[in-house]
Number of protein chains: 2
Amino acid sequence: MVRMADVAREAGVSVMTVSNVLSERLPVADQTRARVMAAVEALGYEVNLTARHLRAGRTDTVAFVVPSFHDYFGELADKIAPLIEAGGRHLVLERTSASPEHEMAALSVARLQFYDGVLLSVAGLDSDDLERVSSSKPIVLLGERDVPDRFNHVRLANEEGARLATAHMIEHGSRRILALGCTLDTTHMMPSDRRIGWERALRDAGIDVDPRYVVPVANFTSADGRDAMLDVIASGLPFDGVFAATDIVALGAVAALAERGLRVPVDVQLAGFDNLDVARFVPPGLTSVDANHQGVAETAVGLLQRQMEGRPAPAEHVVAPVRLVVRGSTRGGA
Amino acid sequence: MVRMADVAREAGVSVMTVSNVLSERLPVADQTRARVMAAVEALGYEVNLTARHLRAGRTDTVAFVVPSFHDYFGELADKIAPLIEAGGRHLVLERTSASPEHEMAALSVARLQFYDGVLLSVAGLDSDDLERVSSSKPIVLLGERDVPDRFNHVRLANEEGARLATAHMIEHGSRRILALGCTLDTTHMMPSDRRIGWERALRDAGIDVDPRYVVPVANFTSADGRDAMLDVIASGLPFDGVFAATDIVALGAVAALAERGLRVPVDVQLAGFDNLDVARFVPPGLTSVDANHQGVAETAVGLLQRQMEGRPAPAEHVVAPVRLVVRGSTRGGA
DNA sequence: CTGTTAGCGCTTTCAG
DNA sequence: CTGAAAGCGCTAACAG
């Protein structure tokens with residue numbers, strides 16, 4: 001391993017001068033800099049980031065901690081990465097829930113030390129988990145649940161999104177609309193908030209709210225969505241619309257409806273939430289609530305950078321607006 | 001910040017005894033250990049991993065470096081994470097290609113120092129990039145291109161997979177099959193290897209190979225797949241089957257075919273590659289070549305762990321087997 | 001503009 | 001089994 005001292009000797013300068021050339025912290029004479037750079041090239045030197053971190057307390061790295069790497073989180077991470085890099089830092093992804101016993105390892109104070117700041121997706125974490133998270137480190141929470149006041153937090157307008165989607169289907173003739181993947185509780189988490197929006201749209205239209213139309217799913221996978229949809233069909237409960245809590249669940253519903261010969265949107269209208277890529281391409285196009293990934297990413301990174309720059313400010317709780325994207329799965333679409 | 005010295009003072013022992021308790025490197029008397037643990041609890045101490053790394057040269061962390069976080073790589077990462085954690089280490093994801101000038105930043109020797117080992121997806125990297133990658137660090141390459149011999153490498157049976165999918169469609173009556181997302185070159189990268197398999201299936205069936213049926217796409221997105229498919233339809237080139245180089249491209253083709261009123265599989269059979277979740281659920285079910293994520297993950301992690309354990313062995317070049325999963329988009333399916 | 005000194009928090013080595 | 005000393009590679013602070 002070649003160290004800074006080796007470069008210094010090769011260039012005939014002190015170690016500090018090498019450090020100043022590489023980190024651009026203090027000005028160095030052009031001629032000296034050239035000698036140093038030549039030595040760096042000649043020896044193939046690269047700075048030891050661990051030593052820099054220990055001494056300078058800075059990693060130039062931000063973590064995005066997610067419950068799983070795929071689908072929604074992967075797409076969001078791809079939006080976040082360029083914004084972090086524009087600030088001269090590097091983004092890495094960690095995941096919380098690989099196995100039950102390691103569930104919180106990514107959030108330990110020890111691991112968070114690796115990063116200048118942390119974006120933390122709170123899906124799957126409970127209040128106790130959050131209380132245990134270090135509060136000295138710049139951190140921004142993302143996700144659909146109530147969090148302690150002390151954290152900056154960006155969430156979606158879940159209720160409004162669900163209301164928009166449901167009202168749209170009512171407007172185009174549906175009267176018996178399932179809330180697939182929603183729950184009846186009032187925990188202010190994603191499945192309950194979206195159920196509340198669905199409910200409000202029904203009430204606004206003067207339609208009775210029947211709790212049998214709220215159908216939970218286990219894990220928000222397409223497989224679970226399909227299973228739940230097949231169960232409903234088999235039960236004989238009449239329905240002419242489906243609001244699915246996520247596009248991934250909606251995709252499962254699409255499969256189940258097709259298997260049972262129910263036509264979308266003629267027999268059943270269908271709308272999802274998140275506006276993932278798949279919503280655009282699965283025939284006949286899935287009407288979906290756009291979660292505005294880009295805007296959420298920009299807001300969250302902005303809040304994080306404000307903290308990392310050391311500008312003190314009270315924690316903000318941002319509710320990002322959503323909008324309905326109408327496609328062929330509802331009768332207002334193409 | 002509470003340091004090991006603080007714990008030592010609180011427990012009335014030396015710093016070294018605390019270190020030995022926490023790292024379990026040397027045995028410590030039960031009574032002493034208990035005093036140390038009590039002090040750790042009382043002060044809320046957590047070890048500084050950066051200092052440990054600088055001194056001990058070990059991070060207990062593995063990086064999976066990918067070109068983008070979504071779709072294929074996200075799904076694969078979710079398979080890899082538990083395997084790494086079973087070995088007592090932690091997995092993080094980094095991405096290479098946020099912007100052209102940062103392309104190699106994640107791969108710089110400097111960044112690789114952060115990790116005990118690296119799984120590196122080679123999509124988007126060329127030979128020069130790979131030559132520049134440190135060879136002293138445990139590293140396993142993943143992906144569909146030729147790599148220098150000195151690296152351990154896991155790739156898929158691309159040619160065989162494409163041949164299987166194409167032969168299956170021929171067997172069920174297609175004669176004019178597009179290779180969507182493939183290329184005519186012979187660079188031994190994913191689009192060319194899959195084209196070669198497509199070609200072999202055609203030749204085996206005595207069908208002439210017409211280069212007009214090889215239709216490249218720009219970025220392997222669904223949007224590009226749809227655009228390319230629409231262009232082919234508009235051109236009037238007759239076809240009765242589509243082999244798409246990836247499921248994501250196939251999803252774009254599904255959209256385009258539906259928009260133009262072409263029925264799958266009656267008018268056109270369609271098969272993809274990767275067997276992503278979406279293939280199972282998009283009606284009528286997408287026949288796809290299963291890339292065996294689980295097996296690829298296990299093989300790659302096994303090779304990496306062999307290196308990290310210091311067991312010397314010549315670099316291996318593994319070609320992971322694939323199999324065809326038949327669904328409703330081809331006439332052999334349900 | 002350049003060099004010297006000190007020390008980030010931990011673990012390796014060696015002595016008791 | 002426990003402790004004291006040394007130093008991993010780098011940069012903050014200060015002196016010249």
# chains A, B, ... in the order shown; residues from 1 in each chain; ligands from 1
call {"tool": "calpha_fit_rmsd", "arguments": {"fixed": "chain A", "moving": "chain B"}}
result
0.3 Å
call {"tool": "interface_residues", "arguments": {"of": "chain A", "to": "chain D", "cutoff": "9 Å", "atoms": "only C-alpha atoms (C1' of nucleotides)", "output": "ChimeraX atom specification"}}
result
/A:3-5,16,19,47-56
call {"tool": "residues_around", "arguments": {"residues": "Asn292 in chain A", "least_positions_apart": "3", "cutoff": "7 Å", "atoms": "only C-alpha atoms (C1' of nucleotides)", "output": "list of chain:residue names"}}
result
A:Gly295, A:Val296, A:Val322
call {"tool": "residues_around", "arguments": {"residues": "range 187-189 of chain A", "least_positions_apart": "6", "cutoff": "12 Å", "atoms": "only C-alpha atoms (C1' of nucleotides)", "output": "CSV table (one decimal) with all heavy atoms, in the first residue's frame"}}
result
chain,number,residue,atom,x,y,z
A,122,VAL,N,-39.2,4.7,6.3
A,122,VAL,CA,-39.8,4.2,7.6
A,122,VAL,C,-40.8,3.1,7.4
A,122,VAL,O,-41.3,2.5,8.4
A,122,VAL,CB,-40.5,5.3,8.4
A,122,VAL,CG1,-39.4,6.3,8.8
A,122,VAL,CG2,-41.6,6.0,7.6
A,123,ALA,N,-41.0,2.7,6.2
A,123,ALA,CA,-41.9,1.5,6.0
A,123,ALA,C,-41.3,0.3,6.8
A,123,ALA,O,-40.2,0.0,6.6
A,123,ALA,CB,-42.1,1.2,4.5
A,124,GLY,N,-42.1,-0.3,7.6
A,124,GLY,CA,-41.7,-1.5,8.3
A,124,GLY,C,-41.0,-1.2,9.7
A,124,GLY,O,-40.7,-2.1,10.4
A,125,LEU,N,-40.8,0.1,10.0
A,125,LEU,CA,-40.2,0.5,11.3
A,125,LEU,C,-41.4,0.9,12.2
A,125,LEU,O,-42.3,1.5,11.7
A,125,LEU,CB,-39.2,1.6,11.2
A,125,LEU,CG,-38.0,1.3,10.2
A,125,LEU,CD1,-37.1,2.5,10.2
A,125,LEU,CD2,-37.3,0.1,10.7
A,126,ASP,N,-41.3,0.6,13.5
A,126,ASP,CA,-42.3,1.2,14.4
A,126,ASP,C,-41.7,2.3,15.2
A,126,ASP,O,-40.5,2.7,15.1
A,126,ASP,CB,-42.9,0.1,15.3
A,126,ASP,CG,-41.8,-0.6,16.1
A,126,ASP,OD1,-40.8,0.1,16.5
A,126,ASP,OD2,-42.0,-1.8,16.5
A,127,SER,N,-42.5,2.9,16.1
A,127,SER,CA,-42.0,4.1,16.8
A,127,SER,C,-40.8,3.7,17.7
A,127,SER,O,-39.9,4.6,17.8
A,127,SER,CB,-43.2,4.5,17.8
A,127,SER,OG,-44.3,4.8,17.0
A,143,GLY,N,-41.7,8.4,4.2
A,143,GLY,CA,-42.6,7.3,4.3
A,143,GLY,C,-43.9,7.6,5.0
A,143,GLY,O,-44.1,8.6,5.6
A,144,GLU,N,-44.8,6.6,4.8
A,144,GLU,CA,-46.2,6.9,5.1
A,144,GLU,C,-46.6,6.5,6.5
A,144,GLU,O,-47.4,5.5,6.7
A,144,GLU,CB,-47.1,6.2,4.0
A,144,GLU,CG,-46.6,6.3,2.6
A,144,GLU,CD,-46.2,7.7,2.3
A,144,GLU,OE1,-46.9,8.7,2.7
A,144,GLU,OE2,-45.1,7.9,1.7
A,145,ARG,N,-46.1,7.2,7.5
A,145,ARG,CA,-46.6,6.9,8.9
A,145,ARG,C,-46.2,8.1,9.8
A,145,ARG,O,-45.3,8.9,9.4
A,145,ARG,CB,-46.0,5.6,9.4
A,145,ARG,CG,-44.5,5.4,9.1
A,145,ARG,CD,-44.0,4.3,10.1
A,145,ARG,NE,-44.1,4.8,11.4
A,145,ARG,CZ,-44.6,4.1,12.4
A,145,ARG,NH1,-45.0,2.9,12.2
A,145,ARG,NH2,-44.7,4.7,13.6
A,146,ASP,N,-46.8,8.2,10.9
A,146,ASP,CA,-46.5,9.2,11.9
A,146,ASP,C,-45.1,8.9,12.4
A,146,ASP,O,-44.7,7.8,12.7
A,146,ASP,CB,-47.5,9.3,13.0
A,146,ASP,CG,-48.9,9.8,12.5
A,146,ASP,OD1,-48.8,10.5,11.4
A,146,ASP,OD2,-49.9,9.6,13.1
A,147,VAL,N,-44.3,10.0,12.6
A,147,VAL,CA,-43.0,9.9,13.2
A,147,VAL,C,-42.8,10.9,14.3
A,147,VAL,O,-43.6,11.9,14.4
A,147,VAL,CB,-41.9,10.1,12.1
A,147,VAL,CG1,-42.1,9.1,10.9
A,147,VAL,CG2,-41.9,11.5,11.6
A,155,ARG,N,-43.7,12.8,3.4
A,155,ARG,CA,-44.7,11.8,3.2
A,155,ARG,C,-45.6,12.2,2.0
A,155,ARG,O,-45.5,13.4,1.6
A,155,ARG,CB,-45.5,11.5,4.4
A,155,ARG,CG,-46.5,12.5,4.8
A,155,ARG,CD,-47.1,12.3,6.1
A,155,ARG,NE,-47.7,11.0,6.2
A,155,ARG,CZ,-48.2,10.5,7.3
A,155,ARG,NH1,-48.2,11.2,8.5
A,155,ARG,NH2,-48.8,9.3,7.4
A,156,LEU,N,-46.4,11.3,1.5
A,156,LEU,CA,-47.3,11.6,0.4
A,156,LEU,C,-48.7,12.0,0.9
A,156,LEU,O,-49.0,11.7,2.1
A,156,LEU,CB,-47.4,10.4,-0.5
A,156,LEU,CG,-46.2,9.9,-1.1
A,156,LEU,CD1,-46.5,8.6,-1.9
A,156,LEU,CD2,-45.6,11.0,-2.0
A,157,ALA,N,-49.4,12.7,0.1
A,157,ALA,CA,-50.8,13.0,0.3
A,157,ALA,C,-51.6,11.7,0.1
A,157,ALA,O,-52.3,11.6,-0.9
A,157,ALA,CB,-51.3,14.2,-0.5
A,158,ASN,N,-51.5,10.8,1.0
A,158,ASN,CA,-52.1,9.4,0.8
A,158,ASN,C,-53.6,9.5,0.6
A,158,ASN,O,-54.2,8.9,-0.2
A,158,ASN,CB,-51.8,8.5,1.9
A,158,ASN,CG,-50.3,8.1,1.9
A,158,ASN,OD1,-49.9,7.4,0.9
A,158,ASN,ND2,-49.5,8.5,2.8
A,159,GLU,N,-54.2,10.3,1.6
A,159,GLU,CA,-55.7,10.3,1.6
A,159,GLU,C,-56.2,11.0,0.4
A,159,GLU,O,-57.1,10.5,-0.3
A,159,GLU,CB,-56.1,11.1,2.9
A,159,GLU,CG,-57.5,11.1,3.1
A,159,GLU,CD,-57.9,11.9,4.4
A,159,GLU,OE1,-57.1,11.8,5.4
A,159,GLU,OE2,-58.9,12.6,4.4
A,195,ARG,N,-57.2,4.1,2.8
A,195,ARG,CA,-58.6,3.6,3.0
A,195,ARG,C,-59.4,4.8,3.4
A,195,ARG,O,-60.6,5.0,2.9
A,195,ARG,CB,-58.6,2.6,4.1
A,195,ARG,CG,-60.0,1.9,4.3
A,195,ARG,CD,-60.8,2.6,5.5
A,195,ARG,NE,-60.0,2.6,6.7
A,195,ARG,CZ,-60.2,3.5,7.6
A,195,ARG,NH1,-61.2,4.4,7.5
A,195,ARG,NH2,-59.5,3.5,8.7
A,196,ILE,N,-58.9,5.8,4.2
A,196,ILE,CA,-59.7,6.9,4.6
A,196,ILE,C,-60.0,7.8,3.3
A,196,ILE,O,-61.1,8.3,3.2
A,196,ILE,CB,-58.9,7.8,5.6
A,196,ILE,CG1,-58.8,7.0,6.9
A,196,ILE,CG2,-59.6,9.1,5.8
A,196,ILE,CD1,-57.9,7.6,8.0
A,197,GLY,N,-59.1,7.9,2.4
A,197,GLY,CA,-59.4,8.7,1.2
A,197,GLY,C,-60.4,8.0,0.3
A,197,GLY,O,-61.3,8.7,-0.2
A,245,ALA,N,-54.0,-0.4,-3.3
A,245,ALA,CA,-53.2,0.5,-2.4
A,245,ALA,C,-51.8,0.8,-3.1
A,245,ALA,O,-51.2,1.9,-2.8
A,245,ALA,CB,-53.0,-0.1,-1.1
call {"tool": "closest_atom_pairs", "arguments": {"of": "chain A", "to": "chain B", "cutoff": "9 Å", "atoms": "only C-alpha atoms", "output": "CSV"}}
result
residue,atom,partner,partner_atom,distance
A:Glu46,CA,B:Ala110,CA,5.7
A:Val47,CA,B:Ala110,CA,6.0
A:Asn48,CA,B:Ala110,CA,6.1
A:Leu49,CA,B:Ala110,CA,6.3
A:Thr50,CA,B:Leu54,CA,6.1
A:Ala51,CA,B:Leu54,CA,6.1
A:His53,CA,B:Thr50,CA,7.2
A:Leu54,CA,B:Thr50,CA,6.1
A:Ser68,CA,B:Asp78,CA,6.6
A:Phe69,CA,B:Gly74,CA,4.8
A:His70,CA,B:Gly74,CA,4.3
A:Asp71,CA,B:His70,CA,6.3
A:Tyr72,CA,B:His70,CA,8.3
A:Phe73,CA,B:His70,CA,7.8
A:Gly74,CA,B:His70,CA,4.3
A:Glu75,CA,B:His70,CA,5.4
A:Leu76,CA,B:His70,CA,8.6
A:Ala77,CA,B:Phe69,CA,6.6
A:Asp78,CA,B:Phe69,CA,6.0
A:Ala81,CA,B:Ala98,CA,6.9
A:Pro82,CA,B:Ala98,CA,5.9
A:Glu85,CA,B:Ala98,CA,8.0
A:His90,CA,B:Ala106,CA,8.3
A:Leu91,CA,B:Glu94,CA,6.9
A:Val92,CA,B:Glu94,CA,4.9
A:Leu93,CA,B:Leu93,CA,4.8
A:Glu94,CA,B:Val92,CA,5.0
A:Arg95,CA,B:Val92,CA,7.6
A:Ala98,CA,B:Pro82,CA,5.6
A:Ser99,CA,B:Pro82,CA,6.8
A:His102,CA,B:Glu85,CA,8.1
A:Ala105,CA,B:His90,CA,8.6
A:Ala106,CA,B:His90,CA,8.3
A:Ser108,CA,B:Glu46,CA,8.4
A:Val109,CA,B:Glu46,CA,6.7
A:Ala110,CA,B:Glu46,CA,5.7
A:Arg111,CA,B:Leu49,CA,7.3
A:Gln113,CA,B:Asn48,CA,7.5
A:Phe114,CA,B:Thr50,CA,7.2
A:Ser222,CA,B:Phe281,CA,7.2
A:Ala223,CA,B:Phe281,CA,8.1
A:Arg226,CA,B:Phe281,CA,8.4
A:Ile248,CA,B:Val278,CA,8.9
A:Leu251,CA,B:Phe281,CA,6.3
A:Gly252,CA,B:Phe281,CA,6.0
A:Ala253,CA,B:Phe281,CA,8.7
A:Val254,CA,B:Val282,CA,7.3
A:Ala255,CA,B:Phe281,CA,5.2
A:Ala256,CA,B:Phe281,CA,8.5
A:Ala258,CA,B:Pro283,CA,6.5
A:Glu259,CA,B:Pro284,CA,8.1
A:Asp277,CA,B:Ser222,CA,7.8
A:Val278,CA,B:Leu251,CA,7.9
A:Arg280,CA,B:Ala255,CA,8.4
A:Phe281,CA,B:Ala255,CA,5.1
A:Val282,CA,B:Ala255,CA,6.2
A:Pro283,CA,B:Ala255,CA,5.7
A:Pro284,CA,B:Ala258,CA,7.5
A:Gly285,CA,B:Ala255,CA,8.0
call {"tool": "closest_atom_pairs", "arguments": {"of": "chain C", "to": "chain A", "cutoff": "12 Å", "atoms": "only C-alpha atoms (C1' of nucleotides)", "output": "Markdown table"}}
result
| residue | atom | partner | partner_atom | distance |
| --- | --- | --- | --- | --- |
| C:DC1 | C1' | A:Val28 | CA | 6.3 |
| C:DT2 | C1' | A:Thr17 | CA | 6.8 |
| C:DG3 | C1' | A:Ser14 | CA | 6.5 |
| C:DT4 | C1' | A:Ser14 | CA | 9.6 |
| C:DT5 | C1' | A:Met16 | CA | 11.6 |
| C:DA6 | C1' | A:Arg55 | CA | 11.7 |
| C:DG7 | C1' | A:Arg55 | CA | 8.5 |
| C:DC8 | C1' | A:Arg55 | CA | 4.6 |
| C:DG9 | C1' | A:Leu54 | CA | 7.9 |
| C:DC10 | C1' | A:Leu54 | CA | 10.2 |
call {"tool": "write_last_selection", "arguments": {"atoms": "C-alpha atoms (C1' of nucleotides)", "output": "tab-separated table (two decimals), in the first residue's frame"}}
result
chain	number	residue	atom	x	y	z
C	1	DC	C1'	2.82	29.18	0.44
C	2	DT	C1'	5.09	25.13	3.12
C	3	DG	C1'	6.42	22.41	7.22
C	4	DT	C1'	5.98	20.64	12.13
C	5	DT	C1'	3.35	18.75	15.72
C	6	DA	C1'	-0.35	16.37	17.61
C	7	DG	C1'	-3.97	13.14	17.73
C	8	DC	C1'	-8.82	11.12	15.61
C	9	DG	C1'	-10.36	5.86	18.36
C	10	DC	C1'	-9.12	1.76	17.97
call {"tool": "select_by_dssp", "arguments": {"residues": "range 78-294 of chain B", "states": "alpha helix (DSSP H)", "output": "MDAnalysis selection string"}}
result
chainID B and resid 78:86 109:112 127:132 158:171 190:204 222:235 247:259 277:281 293:294
call {"tool": "atom_distance", "arguments": {"atom1": "CA of Glu24 in chain B", "atom2": "CA of Leu107 in chain A"}}
result
22.7 Å
call {"tool": "select_by_dssp", "arguments": {"residues": "range 132-239 of chain B", "states": "strand (DSSP E)", "output": "list in words"}}
result
Ile139, Val140, Leu141, Leu142, Asn152, His153, Val154, Arg155, Leu156, Ile177, Leu178, Ala179, Leu180, Val214 and Val215 of chain B
call {"tool": "write_last_selection", "arguments": {"atoms": "N, CA and C atoms", "output": "PDB file, in the first residue's frame"}}
result
ATOM      1  N   ILE B 139     -13.030  -9.820  -5.038  1.00  0.00           N
ATOM      2  CA  ILE B 139     -13.987  -9.226  -5.966  1.00  0.00           C
ATOM      3  C   ILE B 139     -14.568 -10.332  -6.837  1.00  0.00           C
ATOM      4  N   VAL B 140     -15.864 -10.243  -7.090  1.00  0.00           N
ATOM      5  CA  VAL B 140     -16.518 -11.170  -8.011  1.00  0.00           C
ATOM      6  C   VAL B 140     -17.305 -10.346  -9.005  1.00  0.00           C
ATOM      7  N   LEU B 141     -17.101 -10.636 -10.275  1.00  0.00           N
ATOM      8  CA  LEU B 141     -17.808  -9.934 -11.331  1.00  0.00           C
ATOM      9  C   LEU B 141     -19.083 -10.688 -11.677  1.00  0.00           C
ATOM     10  N   LEU B 142     -20.133  -9.912 -11.958  1.00  0.00           N
ATOM     11  CA  LEU B 142     -21.404 -10.491 -12.374  1.00  0.00           C
ATOM     12  C   LEU B 142     -21.830  -9.812 -13.653  1.00  0.00           C
ATOM     13  N   ASN B 152     -12.841 -13.677 -10.724  1.00  0.00           N
ATOM     14  CA  ASN B 152     -13.971 -14.574 -10.610  1.00  0.00           C
ATOM     15  C   ASN B 152     -15.159 -13.931 -11.309  1.00  0.00           C
ATOM     16  N   HIS B 153     -15.969 -14.745 -11.953  1.00  0.00           N
ATOM     17  CA  HIS B 153     -17.020 -14.183 -12.797  1.00  0.00           C
ATOM     18  C   HIS B 153     -18.195 -15.145 -12.881  1.00  0.00           C
ATOM     19  N   VAL B 154     -19.394 -14.606 -12.693  1.00  0.00           N
ATOM     20  CA  VAL B 154     -20.614 -15.399 -12.866  1.00  0.00           C
ATOM     21  C   VAL B 154     -21.458 -14.744 -13.950  1.00  0.00           C
ATOM     22  N   ARG B 155     -21.792 -15.515 -14.948  1.00  0.00           N
ATOM     23  CA  ARG B 155     -22.658 -14.996 -15.990  1.00  0.00           C
ATOM     24  C   ARG B 155     -23.743 -16.012 -16.300  1.00  0.00           C
ATOM     25  N   LEU B 156     -24.720 -15.614 -17.103  1.00  0.00           N
ATOM     26  CA  LEU B 156     -25.825 -16.507 -17.435  1.00  0.00           C
ATOM     27  C   LEU B 156     -25.558 -17.241 -18.742  1.00  0.00           C
ATOM     28  N   ILE B 177     -39.682 -14.477 -36.310  1.00  0.00           N
ATOM     29  CA  ILE B 177     -39.550 -14.047 -34.913  1.00  0.00           C
ATOM     30  C   ILE B 177     -38.553 -12.906 -34.801  1.00  0.00           C
ATOM     31  N   LEU B 178     -38.993 -11.811 -34.228  1.00  0.00           N
ATOM     32  CA  LEU B 178     -38.108 -10.678 -33.989  1.00  0.00           C
ATOM     33  C   LEU B 178     -37.181 -10.958 -32.807  1.00  0.00           C
ATOM     34  N   ALA B 179     -35.975 -10.392 -32.880  1.00  0.00           N
ATOM     35  CA  ALA B 179     -35.063 -10.392 -31.731  1.00  0.00           C
ATOM     36  C   ALA B 179     -34.997  -8.952 -31.219  1.00  0.00           C
ATOM     37  N   LEU B 180     -35.920  -8.618 -30.333  1.00  0.00           N
ATOM     38  CA  LEU B 180     -36.103  -7.235 -29.896  1.00  0.00           C
ATOM     39  C   LEU B 180     -35.145  -6.905 -28.750  1.00  0.00           C
ATOM     40  N   VAL B 214     -33.520  -8.362 -36.389  1.00  0.00           N
ATOM     41  CA  VAL B 214     -32.778  -7.978 -35.171  1.00  0.00           C
ATOM     42  C   VAL B 214     -32.981  -6.482 -34.941  1.00  0.00           C
ATOM     43  N   VAL B 215     -33.698  -6.135 -33.868  1.00  0.00           N
ATOM     44  CA  VAL B 215     -34.114  -4.751 -33.630  1.00  0.00           C
ATOM     45  C   VAL B 215     -33.530  -4.256 -32.310  1.00  0.00           C
TER      46      VAL B 215
END
call {"tool": "atom_distance", "arguments": {"atom1": "CA of Glu131 in chain B", "atom2": "CA of Val7 in chain A"}}
result
23.1 Å
call {"tool": "decode", "arguments": {"residues": "range 2-16 of chain C", "atoms": "N, CA, C and O atoms (P, O5', C5', C4', C3', O3' and C1' of nucleotides)", "output": "compact mmCIF listing (two decimals), in the first residue's frame"}}
result
# COMPACT_ATOMS: atom_id res chain seq x y z
P DT C 2 4.13 25.76 -2.12
O5' DT C 2 4.62 25.33 -0.68
C5' DT C 2 5.99 25.51 -0.34
C4' DT C 2 6.20 25.15 1.11
C3' DT C 2 5.99 23.68 1.44
O3' DT C 2 7.27 23.14 1.73
C1' DT C 2 5.09 25.13 3.12
P DG C 3 7.48 21.61 2.17
O5' DG C 3 7.51 21.70 3.77
C5' DG C 3 8.53 22.47 4.38
C4' DG C 3 8.35 22.48 5.88
C3' DG C 3 8.28 21.09 6.52
O3' DG C 3 9.19 21.05 7.61
C1' DG C 3 6.42 22.41 7.22
P DT C 4 9.52 19.68 8.35
O5' DT C 4 8.89 19.91 9.81
C5' DT C 4 9.03 21.18 10.45
C4' DT C 4 8.23 21.18 11.74
C3' DT C 4 8.19 19.84 12.48
O3' DT C 4 8.48 20.09 13.85
C1' DT C 4 5.98 20.64 12.13
P DT C 5 8.62 18.86 14.88
O5' DT C 5 7.15 18.84 15.52
C5' DT C 5 6.65 20.04 16.10
C4' DT C 5 5.23 19.79 16.60
C3' DT C 5 5.04 18.49 17.36
O3' DT C 5 4.44 18.80 18.60
C1' DT C 5 3.35 18.75 15.72
P DA C 6 4.18 17.69 19.72
O5' DA C 6 2.63 17.38 19.50
C5' DA C 6 1.71 18.47 19.55
C4' DA C 6 0.33 17.96 19.19
C3' DA C 6 -0.08 16.69 19.93
O3' DA C 6 -1.41 16.88 20.36
C1' DA C 6 -0.35 16.37 17.61
P DG C 7 -1.99 15.89 21.50
O5' DG C 7 -3.08 15.09 20.67
C5' DG C 7 -4.08 15.80 19.96
C4' DG C 7 -4.80 14.83 19.07
C3' DG C 7 -5.06 13.47 19.74
O3' DG C 7 -6.33 13.02 19.34
C1' DG C 7 -3.97 13.14 17.73
P DC C 8 -7.39 12.48 20.34
O5' DC C 8 -8.61 12.12 19.38
C5' DC C 8 -9.23 13.10 18.56
C4' DC C 8 -9.77 12.41 17.32
C3' DC C 8 -10.24 10.99 17.57
O3' DC C 8 -11.66 11.00 17.73
C1' DC C 8 -8.82 11.12 15.61
P DG C 9 -12.30 10.56 19.15
O5' DG C 9 -12.22 8.97 19.11
C5' DG C 9 -12.96 8.26 18.13
C4' DG C 9 -12.43 6.85 18.05
C3' DG C 9 -12.47 6.07 19.37
O3' DG C 9 -13.22 4.89 19.14
C1' DG C 9 -10.36 5.86 18.36
P DC C 10 -13.43 3.71 20.18
O5' DC C 10 -12.42 2.61 19.66
C5' DC C 10 -12.68 1.97 18.43
C4' DC C 10 -11.40 1.46 17.83
C3' DC C 10 -10.87 0.16 18.45
O3' DC C 10 -11.36 -0.94 17.70
C1' DC C 10 -9.12 1.76 17.97
P DT C 11 -11.23 -2.42 18.29
O5' DT C 11 -9.74 -2.82 17.90
C5' DT C 11 -9.40 -2.95 16.53
C4' DT C 11 -7.91 -3.22 16.40
C3' DT C 11 -7.44 -4.55 17.00
O3' DT C 11 -6.42 -5.01 16.13
C1' DT C 11 -6.23 -2.81 17.97
P DT C 12 -6.18 -6.60 15.98
O5' DT C 12 -4.59 -6.71 15.87
C5' DT C 12 -3.86 -5.83 14.99
C4' DT C 12 -2.46 -5.61 15.53
C3' DT C 12 -1.78 -6.90 16.06
O3' DT C 12 -0.59 -7.10 15.33
C1' DT C 12 -1.56 -5.08 17.60
P DT C 13 0.34 -8.41 15.65
O5' DT C 13 1.33 -7.94 16.80
C5' DT C 13 2.11 -6.75 16.60
C4' DT C 13 2.83 -6.40 17.88
C3' DT C 13 3.51 -7.61 18.55
O3' DT C 13 4.88 -7.32 18.69
C1' DT C 13 2.30 -6.31 20.13
P DC C 14 5.98 -8.50 19.08
O5' DC C 14 6.19 -8.20 20.64
C5' DC C 14 6.55 -6.87 21.03
C4' DC C 14 6.26 -6.68 22.49
C3' DC C 14 6.84 -7.78 23.41
O3' DC C 14 7.62 -7.14 24.40
C1' DC C 14 4.60 -7.31 23.97
P DA C 15 8.64 -8.07 25.31
O5' DA C 15 8.29 -7.52 26.76
C5' DA C 15 7.84 -6.17 26.90
C4' DA C 15 7.07 -6.00 28.18
C3' DA C 15 7.58 -6.84 29.35
O3' DA C 15 7.65 -6.00 30.50
C1' DA C 15 5.27 -7.27 29.01
P DG C 16 8.36 -6.59 31.84
O5' DG C 16 7.19 -7.28 32.66
C5' DG C 16 6.66 -6.61 33.75
C4' DG C 16 5.20 -6.95 33.89
C3' DG C 16 4.90 -7.78 35.14
O3' DG C 16 4.23 -6.94 36.05
C1' DG C 16 3.63 -8.48 33.25
